[in-house]
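Student: Handing you this structure, nothing more for now.
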Amino acid sequence: MTISETVRFPATSTRILRGQPLLAWECPGEWLTVSSGSYGGGLGLRRWVLNATVPSGYDRPDPAEHIAEMAGELELEGPGTGLLTAVDVRHEVTAVESGVRASVTTGVGYPIWAAHDAADTSHLVRDHMPGTINAVCFLPVRLSESALVNLVATVAEAKAQALSEAGVPGTGTCTDATVLLCPSEGEPEPYGGPRSVLGAPLARVIHRAVTEGLRVTNPRHG
């Protein structure tokens, strides 16, 4: 696989909407995307991404509708995907390597262990335990859908490694989200694991971005 030098990634745009900061990316055309976001999640073609700050006591029962409202106010057109976080997204950390770019906002006020025998899965507990690591990642070449799904796992592994090395007692938070975007045309790269051509640099940039984000003393907004 030859990494293209001509792929143009969308620039990060910082906006203020209703007194809260948000990050927006508008893609040049439709990009193949896998997202765990509350709006526009799943696999498909997307034209924009939002990572928006919400208050620590956020309790709207309709986050997808909230993101749709923000997209409308920003006049974003076509299909997109969006993430929410109590972190001030102006603390975002970007890391780049080998044509791979990751933009990460890191909040771990309430870290959890993924496997926990006594985990409480009630909505009430989730709503009152904010703290989110959001990752928006751009890949320079087309990937197969299976490779994109594999890269989501690679992001999770690299994030957990960074948290472990920093002494954080958990593998993440209960609301972490990931978005991966790649060009929709070209011969698809079939692999996305941590030793693949794109998975290895993605793991490293996620690790660096999370590690740096953990150094922010008070990442929450306001």
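We label chains A, B, ... in the order they appear in the structure tokens, count residues from 1 in each chain, and number ligands from 1 in the order shown.
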I need the residues in segment 5-218 of chain A that are helix (DSSP H, G or I) according to DSSP; give them as a ChimeraX atom specification.

Tutor: /A:63-73,89-91,123-127,145-165,199-213

Student: Choose the residue, out of A:Thr81, A:Thr211, A:Ser103, A:Thr53, that has the smallest atom-to-atom separation from Arg15 of chain A; count only C-alpha atoms.

Tutor: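 Using only C-alpha atoms, the shortest distance to Arg15 of chain A belongs to A:Thr53.
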
Student: Would you work out the distance separating atom CA of Leu148 of chain A from atom CA of Gly192 of chain A, expressed in Å to one decimal?

Tutor: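 Here the two named atoms are 6.4 Å from each other.
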
Student: Residues near Ala162 of chain A, anyone? I mean within 12 Å using only C-alpha atoms, not counting same-chain ones fewer than 6 positions away, as a list of chain:residue names.

Tutor: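 Those residues are A:Thr106, A:Ile133, A:Val155, A:Ala156, A:Val168, A:Pro169, A:Gly170, A:Thr171, A:Gly172, A:Ala203, A:Arg204, A:Val205, A:Ile206, A:His207, A:Arg208, A:Ala209, A:Val210, A:Thr211, A:Glu212, A:Gly213, A:Leu214, A:Arg215.
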
Student: Can you write out the residues you just picked, keeping N, CA, C and O atoms, as a short mmCIF file (atom, residue, chain, number, x, y, z; two decimals), in the first residue's frame?

Tutor:
```cif
data_model
loop_
_atom_site.label_atom_id
_atom_site.label_comp_id
_atom_site.auth_asym_id
_atom_site.auth_seq_id
_atom_site.Cartn_x
_atom_site.Cartn_y
_atom_site.Cartn_z
N THR A 106 -9.78 14.45 26.11
CA THR A 106 -9.61 13.44 27.16
C THR A 106 -10.19 13.92 28.49
O THR A 106 -9.73 14.92 29.05
N ILE A 133 -13.63 10.22 26.77
CA ILE A 133 -12.52 10.34 25.83
C ILE A 133 -13.10 10.18 24.43
O ILE A 133 -13.61 9.11 24.08
N VAL A 155 -7.94 1.60 18.45
CA VAL A 155 -8.04 2.84 19.24
C VAL A 155 -8.27 2.51 20.71
O VAL A 155 -7.63 3.09 21.60
N ALA A 156 -9.19 1.59 20.99
CA ALA A 156 -9.49 1.24 22.38
C ALA A 156 -8.26 0.65 23.09
O ALA A 156 -8.00 0.96 24.26
N VAL A 168 -4.01 5.59 35.66
CA VAL A 168 -5.45 5.80 35.78
C VAL A 168 -6.12 4.45 36.08
O VAL A 168 -5.89 3.47 35.36
N PRO A 169 -6.96 4.37 37.12
CA PRO A 169 -7.56 3.09 37.51
C PRO A 169 -8.77 2.73 36.64
O PRO A 169 -9.91 2.72 37.10
N GLY A 170 -8.53 2.41 35.40
CA GLY A 170 -9.62 2.03 34.52
C GLY A 170 -9.13 1.90 33.08
O GLY A 170 -8.01 2.30 32.75
N THR A 171 -9.99 1.35 32.23
CA THR A 171 -9.66 1.17 30.82
C THR A 171 -10.27 2.26 29.96
O THR A 171 -10.06 2.29 28.74
N GLY A 172 -11.05 3.14 30.57
CA GLY A 172 -11.70 4.23 29.85
C GLY A 172 -12.83 4.77 30.70
O GLY A 172 -12.80 4.65 31.94
N ALA A 203 -2.43 3.64 16.41
CA ALA A 203 -2.26 3.32 17.82
C ALA A 203 -1.29 4.29 18.49
O ALA A 203 -1.53 4.76 19.61
N ARG A 204 -0.22 4.63 17.79
CA ARG A 204 0.77 5.53 18.39
C ARG A 204 0.23 6.95 18.56
O ARG A 204 0.48 7.60 19.58
N VAL A 205 -0.53 7.46 17.57
CA VAL A 205 -1.03 8.83 17.71
C VAL A 205 -2.13 8.90 18.78
O VAL A 205 -2.22 9.89 19.52
N ILE A 206 -2.94 7.86 18.90
CA ILE A 206 -3.94 7.83 19.97
C ILE A 206 -3.24 7.79 21.32
O ILE A 206 -3.61 8.52 22.26
N HIS A 207 -2.23 6.97 21.44
CA HIS A 207 -1.48 6.86 22.71
C HIS A 207 -0.87 8.21 23.08
O HIS A 207 -0.97 8.65 24.24
N ARG A 208 -0.27 8.91 22.11
CA ARG A 208 0.35 10.20 22.40
C ARG A 208 -0.70 11.24 22.77
O ARG A 208 -0.51 12.02 23.71
N ALA A 209 -1.81 11.26 22.04
CA ALA A 209 -2.84 12.27 22.29
C ALA A 209 -3.50 12.08 23.65
O ALA A 209 -3.74 13.04 24.39
N VAL A 210 -3.81 10.85 24.01
CA VAL A 210 -4.42 10.58 25.32
C VAL A 210 -3.43 10.90 26.43
O VAL A 210 -3.78 11.52 27.44
N THR A 211 -2.18 10.50 26.25
CA THR A 211 -1.15 10.77 27.27
C THR A 211 -1.02 12.27 27.51
O THR A 211 -0.96 12.73 28.66
N GLU A 212 -0.98 13.06 26.43
CA GLU A 212 -0.89 14.51 26.59
C GLU A 212 -2.16 15.09 27.18
O GLU A 212 -2.11 15.98 28.03
N GLY A 213 -3.31 14.57 26.76
CA GLY A 213 -4.57 15.07 27.30
C GLY A 213 -4.71 14.84 28.79
O GLY A 213 -5.34 15.64 29.50
N LEU A 214 -4.14 13.76 29.28
CA LEU A 214 -4.21 13.46 30.72
C LEU A 214 -3.42 14.46 31.56
O LEU A 214 -3.62 14.56 32.76
N ARG A 215 -2.52 15.21 30.92
CA ARG A 215 -1.72 16.18 31.66
C ARG A 215 -2.47 17.48 31.91
O ARG A 215 -2.00 18.34 32.68
#
```

Student: Considering only C-alpha atoms, can you say which of A:Ile16, A:Ala102, A:Leu83, A:Ala11 comes closest to Thr175 of chain A?

Tutor: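 The closest residue to Thr175 of chain A is A:Leu83.
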
Student: If we count only C-alpha atoms and set the cut-off at 8 Å, which residues sit around Ser13 of chain A, ignoring sequence neighbours fewer than 5 positions away in its own chain? Please answer as a short mmCIF file (atom, residue, chain, number, x, y, z; two decimals) with C-alpha atoms, in the first residue's frame.

Tutor:
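As written to disk, selection.cif reads:
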```cif
data_model
loop_
_atom_site.label_atom_id
_atom_site.label_comp_id
_atom_site.auth_asym_id
_atom_site.auth_seq_id
_atom_site.Cartn_x
_atom_site.Cartn_y
_atom_site.Cartn_z
CA LEU A 23 -15.03 21.32 17.18
CA ALA A 24 -16.29 20.86 13.64
CA TRP A 25 -14.84 19.13 10.58
#
```

Student: Considering only C-alpha atoms, return as a PyMOL selection string whatever protein or nucleic-acid residues lie within 9 Å of Asp176 of chain A, sequence-local ones (same chain, fewer than 6 positions apart) excluded.

Tutor: chain A and resi 36+85+131-135

Student: So, with only C-alpha atoms as the atoms that count, which of A:Gly199, A:Lys159, A:Arg220, A:Ala95 lies closest to Pro21 of chain A?

Tutor: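 Among the listed residues, A:Arg220 lies closest to Pro21 of chain A.
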
Student: Give the strand (DSSP E or B) residues of chain A, as DSSP finds them on the backbone, and put them as JSON, numbers by chain.

Tutor: {"A": [13, 14, 15, 16, 17, 20, 21, 22, 23, 24, 25, 26, 27, 28, 29, 30, 31, 32, 33, 34, 35, 39, 42, 43, 44, 45, 46, 47, 48, 49, 50, 51, 52, 53, 80, 81, 82, 83, 84, 85, 87, 93, 94, 95, 96, 97, 100, 101, 102, 103, 104, 105, 106, 112, 133, 134, 135, 136, 137, 138, 143, 172, 177, 178, 179, 180, 181, 182, 183, 189, 220]}

Student: Save the residues we just selected, C-alpha atoms, as an mmCIF file, in the first residue's frame?

Tutor:
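Just written: selection.cif:
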```cif
data_model
loop_
_atom_site.group_PDB
_atom_site.id
_atom_site.type_symbol
_atom_site.label_atom_id
_atom_site.label_comp_id
_atom_site.auth_asym_id
_atom_site.auth_seq_id
_atom_site.Cartn_x
_atom_site.Cartn_y
_atom_site.Cartn_z
ATOM 1 C CA SER A 13 -12.794 24.537 13.169
ATOM 2 C CA THR A 14 -13.450 25.762 16.732
ATOM 3 C CA ARG A 15 -16.864 27.382 17.199
ATOM 4 C CA ILE A 16 -18.911 28.723 20.109
ATOM 5 C CA LEU A 17 -22.585 27.746 20.087
ATOM 6 C CA GLN A 20 -20.332 26.197 24.625
ATOM 7 C CA PRO A 21 -17.270 25.403 22.469
ATOM 8 C CA LEU A 22 -17.355 22.732 19.805
ATOM 9 C CA LEU A 23 -15.032 21.315 17.177
ATOM 10 C CA ALA A 24 -16.286 20.855 13.635
ATOM 11 C CA TRP A 25 -14.839 19.128 10.583
ATOM 12 C CA GLU A 26 -16.378 19.497 7.133
ATOM 13 C CA CYS A 27 -15.105 16.878 4.711
ATOM 14 C CA PRO A 28 -14.308 17.486 1.052
ATOM 15 C CA GLY A 29 -17.078 15.212 -0.224
ATOM 16 C CA GLU A 30 -18.402 12.089 1.466
ATOM 17 C CA TRP A 31 -15.967 10.000 3.490
ATOM 18 C CA LEU A 32 -16.433 6.383 4.540
ATOM 19 C CA THR A 33 -16.944 6.479 8.290
ATOM 20 C CA VAL A 34 -17.398 4.248 11.295
ATOM 21 C CA SER A 35 -18.729 6.053 14.353
ATOM 22 C CA TYR A 39 -25.803 10.916 16.149
ATOM 23 C CA GLY A 42 -22.526 3.108 12.486
ATOM 24 C CA LEU A 43 -20.920 2.574 9.080
ATOM 25 C CA GLY A 44 -21.675 4.857 6.154
ATOM 26 C CA LEU A 45 -20.748 7.963 4.212
ATOM 27 C CA ARG A 46 -20.451 11.197 6.218
ATOM 28 C CA ARG A 47 -19.699 14.807 5.298
ATOM 29 C CA TRP A 48 -19.056 16.330 8.737
ATOM 30 C CA VAL A 49 -18.153 15.557 12.346
ATOM 31 C CA LEU A 50 -18.895 17.467 15.552
ATOM 32 C CA ASN A 51 -17.276 17.073 18.978
ATOM 33 C CA ALA A 52 -19.240 19.368 21.266
ATOM 34 C CA THR A 53 -18.855 20.430 24.900
ATOM 35 C CA GLY A 80 -22.733 13.624 9.522
ATOM 36 C CA THR A 81 -21.916 12.301 12.958
ATOM 37 C CA GLY A 82 -21.527 13.943 16.356
ATOM 38 C CA LEU A 83 -20.079 13.379 19.821
ATOM 39 C CA LEU A 84 -20.654 15.083 23.175
ATOM 40 C CA THR A 85 -18.337 15.568 26.148
ATOM 41 C CA VAL A 87 -14.486 18.331 28.487
ATOM 42 C CA VAL A 93 -4.843 17.251 21.301
ATOM 43 C CA THR A 94 -3.947 16.429 17.699
ATOM 44 C CA ALA A 95 -1.254 13.897 16.813
ATOM 45 C CA VAL A 96 -0.088 12.953 13.306
ATOM 46 C CA GLU A 97 2.089 10.154 11.974
ATOM 47 C CA VAL A 100 -2.754 9.335 10.024
ATOM 48 C CA ARG A 101 -4.308 12.079 12.160
ATOM 49 C CA ALA A 102 -6.124 11.795 15.488
ATOM 50 C CA SER A 103 -7.930 14.558 17.385
ATOM 51 C CA VAL A 104 -8.644 13.535 20.982
ATOM 52 C CA THR A 105 -10.409 15.202 23.910
ATOM 53 C CA THR A 106 -9.609 13.444 27.163
ATOM 54 C CA ILE A 112 -14.151 2.498 34.838
ATOM 55 C CA ILE A 133 -12.523 10.335 25.835
ATOM 56 C CA ASN A 134 -13.571 11.232 22.282
ATOM 57 C CA ALA A 135 -11.342 10.415 19.322
ATOM 58 C CA VAL A 136 -11.866 11.682 15.770
ATOM 59 C CA CYS A 137 -9.397 10.042 13.390
ATOM 60 C CA PHE A 138 -8.617 10.516 9.701
ATOM 61 C CA LEU A 143 -10.124 0.931 4.109
ATOM 62 C CA GLY A 172 -11.696 4.228 29.850
ATOM 63 C CA ALA A 177 -16.650 7.463 21.603
ATOM 64 C CA THR A 178 -14.638 7.001 18.409
ATOM 65 C CA VAL A 179 -15.023 8.221 14.833
ATOM 66 C CA LEU A 180 -12.798 6.992 11.989
ATOM 67 C CA LEU A 181 -12.955 8.476 8.490
ATOM 68 C CA CYS A 182 -11.225 7.530 5.256
ATOM 69 C CA PRO A 183 -11.630 8.336 1.542
ATOM 70 C CA GLU A 189 -6.706 -1.598 2.660
ATOM 71 C CA ARG A 220 -13.860 20.453 32.099
#
```

Student: Take atom CA of Val216 of chain A and atom CA of Arg90 of chain A and report the distance between them in Å, one decimal.

Tutor: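 A separation of 11.2 Å between them.
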
Student: Residues within 10 Å of Tyr191 of chain A, please, as a ChimeraX atom specification. Count only C-alpha atoms; anything in the same chain fewer than 2 positions from it doesn't count.

Tutor: /A:143-151,188-189,193-199
